[in-house]
Amino acid sequence: MPKLSRPFYTVENFEFDWAAGQVAAQKKKNSATLQSLWKEKHPEGKILEVSTKSDDPAGVKLSPFNLTRRLPSLRKEFPVENIYQSSKTFRHGGPYVDLLGVTPNKALADPRLLDSGDLVSFTMEKEQYPVNPNFLFYQWLYLTALLENPGLADKVKKTDAFCDIEFNPNKGTNNQARACAVFNSLARLNLLEEARTFEGFKKIMMAQDITEIKEQSQKKEGPLQLNELRSDKRRQSFPVGSFVSHPTIGVGEVIRKTPTSYVIRFKVSGPKTLTKDFVEFNCKKA
């Protein structure tokens with residue numbers, strides 16, 4: 001769901017009986033169940049499945065297998081999935097630009113993506129982009145594709161929540177539901193033009209936001225917790241390089257520490273600067 005402060009999305013989880021199997025009908029059934037549960041909680045809201053299994057034609061078109069972006073040097077549009085996979089540059093190979101000319105499924109399954117060593121960068125139109133944080137290039141690529149498709153962009157702006165039944169968080173990192181939520185948030189904040197360039201998008205997503213840090217610290221600290229907070233018995237310090245579990249964001253690695261704050265690179269949302277008190281009283285060792 002969109003969120004008007006970094007990381008510009010929030011996640012709601014629902015439990016239901018999963019229809020096992022890989023056939024399209026079962027995936028659509030799971031998506032329908034998930035959407036109905038969300039609508040029970042948000043009866044006035046609009047939710048959209050954004051994958052090839054969507055029951056909405058716009059949702060199908062928003063799949064990275066179908067959403068296209070123009071590459072000026074080639075004077076042609078390609079699916080976002082093909083551009084993303086063909087941009088991967090590894091220690092021992094790539095970028096494999098020939099993946100632009102195959103189906104998205106073949107691009108995704110190309111064995112060279114697994115056999116070429118560590119991923120070191122993304123290369124697109126002779127420009128290089130960083131691999132960390134791991135969401136940055138994908139979300140920017142998807143955002144720029146939406147900007148080239150105003151009809152679909154308008155659909156995203158008018159939707160309150162997004163799901164992607166194809167996404168497996170145990171296997172993948174990026175997904176279009178999250179990218180749509182970020183796009184919706186930046187649209188409401190009038191930041192889309194600034195986000196059009198990679199450096200502009202990076203600045204929006206990565207800049208330290210002290211207001212957000214304070215809000216985040218206050219979320220879990222009611223009056224009783226504040227009394228407990230004053231006791232150092234509950235405090236736990238974390239060295240640089242250790243992994244911690246945040247109560248809402250998930251697992252991340254401590255990459256920098258100051259007398260008043262921690263910088264933690266989270267697996268889902270990338271680096272964040274959090275107050276020392278919040279981390280040491282609310283996070284646990286992962």
# chains A, B, ... in the order shown; residues from 1 in each chain; ligands from 1
$ residues_around --residues "Phe8 in chain A" --least-positions-apart "4" --cutoff "9 Å" --atoms "only C-alpha atoms" --output "ChimeraX atom specification"
/A:1-4,181-186,205
$ atom_distance --atom1 "CA of Lys88 in chain A" --atom2 "CA of Leu136 in chain A"
13.5 Å
$ select_by_dssp --residues "range 38-257 of chain A" --states "helix (DSSP H, G or I)" --output "ChimeraX atom specification"
/A:38-41,57-61,80-87,97-101,104-109,112-115,136-147,150-157,176-188,192-195,198-206,210-219,223-229,232-234
$ atom_distance --atom1 "CA of Arg178 in chain A" --atom2 "CA of Tyr9 in chain A"
6.8 Å
$ closest_residue --among "A:Phe281, A:Phe162, A:Phe65, A:Phe238" --to "Trp38 in chain A" --atoms "only C-alpha atoms"
A:Phe162
$ residues_around --residues "Ser87 in chain A" --least-positions-apart "5" --cutoff "6 Å" --atoms "only C-alpha atoms" --output "ChimeraX atom specification"
/A:95,122-124
$ write_last_selection --atoms "C-alpha atoms" --output "short mmCIF file (atom, residue, chain, number, x, y, z; two decimals), in the first residue's frame"
data_model
loop_
_atom_site.label_atom_id
_atom_site.label_comp_id
_atom_site.auth_asym_id
_atom_site.auth_seq_id
_atom_site.Cartn_x
_atom_site.Cartn_y
_atom_site.Cartn_z
CA PRO A 95 25.37 -7.47 -19.64
CA PHE A 122 23.35 -2.88 -13.93
CA THR A 123 24.28 -1.52 -17.35
CA MET A 124 21.63 0.14 -19.52
#
$ closest_residue --among "A:Arg265, A:Arg6, A:Lys155, A:Arg256" --to "Val50 in chain A" --atoms "only C-alpha atoms"
A:Lys155
$ closest_residue --among "A:Leu48, A:Ala161, A:Leu108, A:Ala58" --to "Glu12 in chain A" --atoms "only C-alpha atoms"
A:Ala161
$ residues_around --residues "Asp55 in chain A" --least-positions-apart "6" --cutoff "10 Å" --atoms "only C-alpha atoms" --output "PyMOL selection string"
chain A and resi 28+31-32+48-49
$ write_last_selection --atoms "N, CA and C atoms" --output "mmCIF file, in the first residue's frame"
data_model
loop_
_atom_site.group_PDB
_atom_site.id
_atom_site.type_symbol
_atom_site.label_atom_id
_atom_site.label_comp_id
_atom_site.auth_asym_id
_atom_site.auth_seq_id
_atom_site.Cartn_x
_atom_site.Cartn_y
_atom_site.Cartn_z
ATOM 1 N N LYS A 28 -5.077 -17.446 -9.741
ATOM 2 C CA LYS A 28 -6.145 -16.451 -9.756
ATOM 3 C C LYS A 28 -7.054 -16.608 -8.543
ATOM 4 N N SER A 31 -5.285 -15.082 -5.591
ATOM 5 C CA SER A 31 -5.322 -13.623 -5.691
ATOM 6 C C SER A 31 -6.697 -13.094 -5.314
ATOM 7 N N ALA A 32 -7.740 -13.757 -5.774
ATOM 8 C CA ALA A 32 -9.105 -13.323 -5.463
ATOM 9 C C ALA A 32 -9.372 -13.398 -3.961
ATOM 10 N N LEU A 48 -5.587 -3.856 -6.620
ATOM 11 C CA LEU A 48 -5.331 -4.341 -7.981
ATOM 12 C C LEU A 48 -4.230 -5.390 -7.971
ATOM 13 N N GLU A 49 -4.523 -6.569 -8.523
ATOM 14 C CA GLU A 49 -3.503 -7.577 -8.778
ATOM 15 C C GLU A 49 -2.710 -7.127 -9.996
#
$ residues_around --residues "Phe16 in chain A" --least-positions-apart "3" --cutoff "10 Å" --atoms "only C-alpha atoms" --output "list in words"
Ala19, Asn30, Thr33, Leu34 and Leu37 of chain A
